[in-house]
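What follows is model00.txt (compact mmCIF, C-alpha atoms).
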# COMPACT_ATOMS: atom_id res chain seq x y z
CA MET A 268 0.00 0.00 0.00
CA LEU A 269 1.36 3.39 -1.02
CA ILE A 270 1.27 6.17 1.54
CA GLN A 271 0.84 9.58 -0.03
CA SER A 272 3.01 12.44 1.08
CA ILE A 273 1.37 14.98 3.39
CA GLN A 274 2.90 17.81 1.39
CA GLU A 275 1.04 18.46 -1.82
CA GLU A 276 3.03 18.96 -5.01
CA PRO A 277 2.68 22.43 -6.52
CA ARG A 278 0.15 22.48 -9.32
CA PRO A 279 1.65 23.85 -12.55
CA ALA A 280 -1.68 25.25 -13.79
CA VAL A 281 -2.15 27.34 -10.65
CA PHE A 282 1.46 28.50 -10.69
CA TYR A 283 1.37 29.55 -14.33
CA SER A 284 -2.03 31.24 -14.08
CA CYS A 285 -0.76 33.34 -11.14
CA LEU A 286 2.42 34.15 -13.07
CA ILE A 287 0.44 35.24 -16.14
CA ALA A 288 -1.89 37.36 -13.99
CA LYS A 289 1.07 39.14 -12.37
CA MET A 290 2.64 39.78 -15.77
CA ALA A 291 -0.66 41.17 -17.11
CA VAL A 292 -1.02 43.56 -14.17
CA THR A 293 2.58 44.72 -14.60
CA ALA A 294 2.01 45.34 -18.32
CA LEU A 295 -1.18 47.34 -17.65
CA VAL A 296 0.50 49.51 -15.01
CA ASP A 297 3.49 50.10 -17.30
CA GLU A 298 1.14 51.12 -20.12
CA ALA A 299 -0.76 53.52 -17.85
CA VAL A 300 2.46 55.18 -16.64
CA LEU A 301 4.02 55.43 -20.09
CA THR A 302 4.27 58.98 -21.41
CA PRO A 303 3.92 60.73 -23.87
CA LYS A 304 0.82 59.31 -25.49
CA PRO A 305 0.05 61.32 -28.62
CA GLY A 306 -3.62 62.26 -28.71
CA LEU A 307 -4.38 60.73 -25.32
CA VAL A 308 -4.48 62.14 -21.81
CA ASP A 309 -1.40 61.26 -19.79
CA ALA A 310 0.67 62.67 -16.93
CA ALA A 311 2.38 65.23 -19.20
CA THR A 312 -0.44 66.53 -21.43
CA THR A 313 -4.21 66.85 -21.67
CA GLY A 314 -4.22 65.14 -25.05
CA ILE A 315 -6.09 68.01 -26.69
CA SER A 316 -4.61 69.45 -29.85
CA SER A 317 -4.05 73.21 -29.91
CA ARG A 318 -6.39 73.33 -32.94
CA TYR A 319 -9.37 72.35 -30.78
CA GLU A 320 -8.95 74.79 -27.92
CA TYR A 321 -11.75 77.32 -27.67
For this file, produce the structure as structure tokens.
Amino acid sequence: MLIQSIQEEPRPAVFYSCLIAKMAVTALVDEAVLTPKPGLVDAATTGISSRYEY
């Protein structure tokens, strides 16, 4: 009779899904912080062209 180990082996699917989630969050934060963004609002500009100011 085989006795199973009390410690559970790490599950690759859970590990990789957490890794992918962390990478996705990092990419989204990096994209949000990135500046300048031509035509878009960012930390440096309002994104409005001088032609449209009234």
Find the distance between atom CA of A:Ile315 and atom CA of A:Leu301 and write it in Å to one decimal.
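The value is 17.4 Å.
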Atom CA of A:Arg278 to atom CA of A:Thr293, distance in Å rounded to a single decimal:
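Separating atom CA of A:Arg278 from atom CA of A:Thr293 is a distance of 23.0 Å.
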Give me, please, the distance in Å between atom CA of A:Leu307 and atom CA of A:Ala291, quoted to one decimal.
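Atom CA of A:Leu307 sits 21.5 Å away from atom CA of A:Ala291.
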Can you put N, CA and C atoms back into stretch 293-311 of chain A and show it as a PDB file, in the coordinates of the input?
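Written file, selection_14.pdb:
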ATOM      1  N   THR A 293       1.372  43.924 -14.394  1.00  0.00           N
ATOM      2  CA  THR A 293       2.580  44.720 -14.600  1.00  0.00           C
ATOM      3  C   THR A 293       2.533  45.435 -15.951  1.00  0.00           C
ATOM      4  N   ALA A 294       2.101  44.738 -16.984  1.00  0.00           N
ATOM      5  CA  ALA A 294       2.010  45.340 -18.320  1.00  0.00           C
ATOM      6  C   ALA A 294       0.984  46.476 -18.344  1.00  0.00           C
ATOM      7  N   LEU A 295      -0.155  46.300 -17.675  1.00  0.00           N
ATOM      8  CA  LEU A 295      -1.180  47.340 -17.650  1.00  0.00           C
ATOM      9  C   LEU A 295      -0.700  48.576 -16.891  1.00  0.00           C
ATOM     10  N   VAL A 296      -0.023  48.376 -15.775  1.00  0.00           N
ATOM     11  CA  VAL A 296       0.500  49.510 -15.010  1.00  0.00           C
ATOM     12  C   VAL A 296       1.568  50.228 -15.822  1.00  0.00           C
ATOM     13  N   ASP A 297       2.457  49.480 -16.459  1.00  0.00           N
ATOM     14  CA  ASP A 297       3.490  50.100 -17.300  1.00  0.00           C
ATOM     15  C   ASP A 297       2.864  50.917 -18.426  1.00  0.00           C
ATOM     16  N   GLU A 298       1.817  50.414 -19.035  1.00  0.00           N
ATOM     17  CA  GLU A 298       1.140  51.120 -20.120  1.00  0.00           C
ATOM     18  C   GLU A 298       0.480  52.398 -19.600  1.00  0.00           C
ATOM     19  N   ALA A 299      -0.093  52.340 -18.415  1.00  0.00           N
ATOM     20  CA  ALA A 299      -0.760  53.520 -17.850  1.00  0.00           C
ATOM     21  C   ALA A 299       0.245  54.608 -17.490  1.00  0.00           C
ATOM     22  N   VAL A 300       1.443  54.227 -17.060  1.00  0.00           N
ATOM     23  CA  VAL A 300       2.460  55.180 -16.640  1.00  0.00           C
ATOM     24  C   VAL A 300       3.236  55.751 -17.827  1.00  0.00           C
ATOM     25  N   LEU A 301       3.265  55.030 -18.919  1.00  0.00           N
ATOM     26  CA  LEU A 301       4.020  55.430 -20.090  1.00  0.00           C
ATOM     27  C   LEU A 301       3.588  56.812 -20.595  1.00  0.00           C
ATOM     28  N   THR A 302       4.561  57.656 -20.879  1.00  0.00           N
ATOM     29  CA  THR A 302       4.270  58.980 -21.410  1.00  0.00           C
ATOM     30  C   THR A 302       5.369  59.367 -22.386  1.00  0.00           C
ATOM     31  N   PRO A 303       5.152  60.098 -23.425  1.00  0.00           N
ATOM     32  CA  PRO A 303       3.920  60.730 -23.870  1.00  0.00           C
ATOM     33  C   PRO A 303       3.053  59.783 -24.694  1.00  0.00           C
ATOM     34  N   LYS A 304       1.776  60.067 -24.689  1.00  0.00           N
ATOM     35  CA  LYS A 304       0.820  59.310 -25.490  1.00  0.00           C
ATOM     36  C   LYS A 304       0.153  60.292 -26.450  1.00  0.00           C
ATOM     37  N   PRO A 305       0.600  60.345 -27.676  1.00  0.00           N
ATOM     38  CA  PRO A 305       0.050  61.320 -28.620  1.00  0.00           C
ATOM     39  C   PRO A 305      -1.465  61.176 -28.782  1.00  0.00           C
ATOM     40  N   GLY A 306      -2.171  62.262 -28.537  1.00  0.00           N
ATOM     41  CA  GLY A 306      -3.620  62.260 -28.710  1.00  0.00           C
ATOM     42  C   GLY A 306      -4.388  61.720 -27.524  1.00  0.00           C
ATOM     43  N   LEU A 307      -3.713  61.274 -26.496  1.00  0.00           N
ATOM     44  CA  LEU A 307      -4.380  60.730 -25.320  1.00  0.00           C
ATOM     45  C   LEU A 307      -3.969  61.512 -24.077  1.00  0.00           C
ATOM     46  N   VAL A 308      -4.808  61.493 -23.076  1.00  0.00           N
ATOM     47  CA  VAL A 308      -4.480  62.140 -21.810  1.00  0.00           C
ATOM     48  C   VAL A 308      -3.450  61.297 -21.085  1.00  0.00           C
ATOM     49  N   ASP A 309      -2.403  61.949 -20.593  1.00  0.00           N
ATOM     50  CA  ASP A 309      -1.400  61.260 -19.790  1.00  0.00           C
ATOM     51  C   ASP A 309      -0.886  62.225 -18.725  1.00  0.00           C
ATOM     52  N   ALA A 310       0.150  61.850 -18.027  1.00  0.00           N
ATOM     53  CA  ALA A 310       0.670  62.670 -16.930  1.00  0.00           C
ATOM     54  C   ALA A 310       1.259  63.988 -17.437  1.00  0.00           C
ATOM     55  N   ALA A 311       1.705  64.038 -18.681  1.00  0.00           N
ATOM     56  CA  ALA A 311       2.380  65.230 -19.200  1.00  0.00           C
ATOM     57  C   ALA A 311       1.458  66.179 -19.952  1.00  0.00           C
TER      58      ALA A 311
END
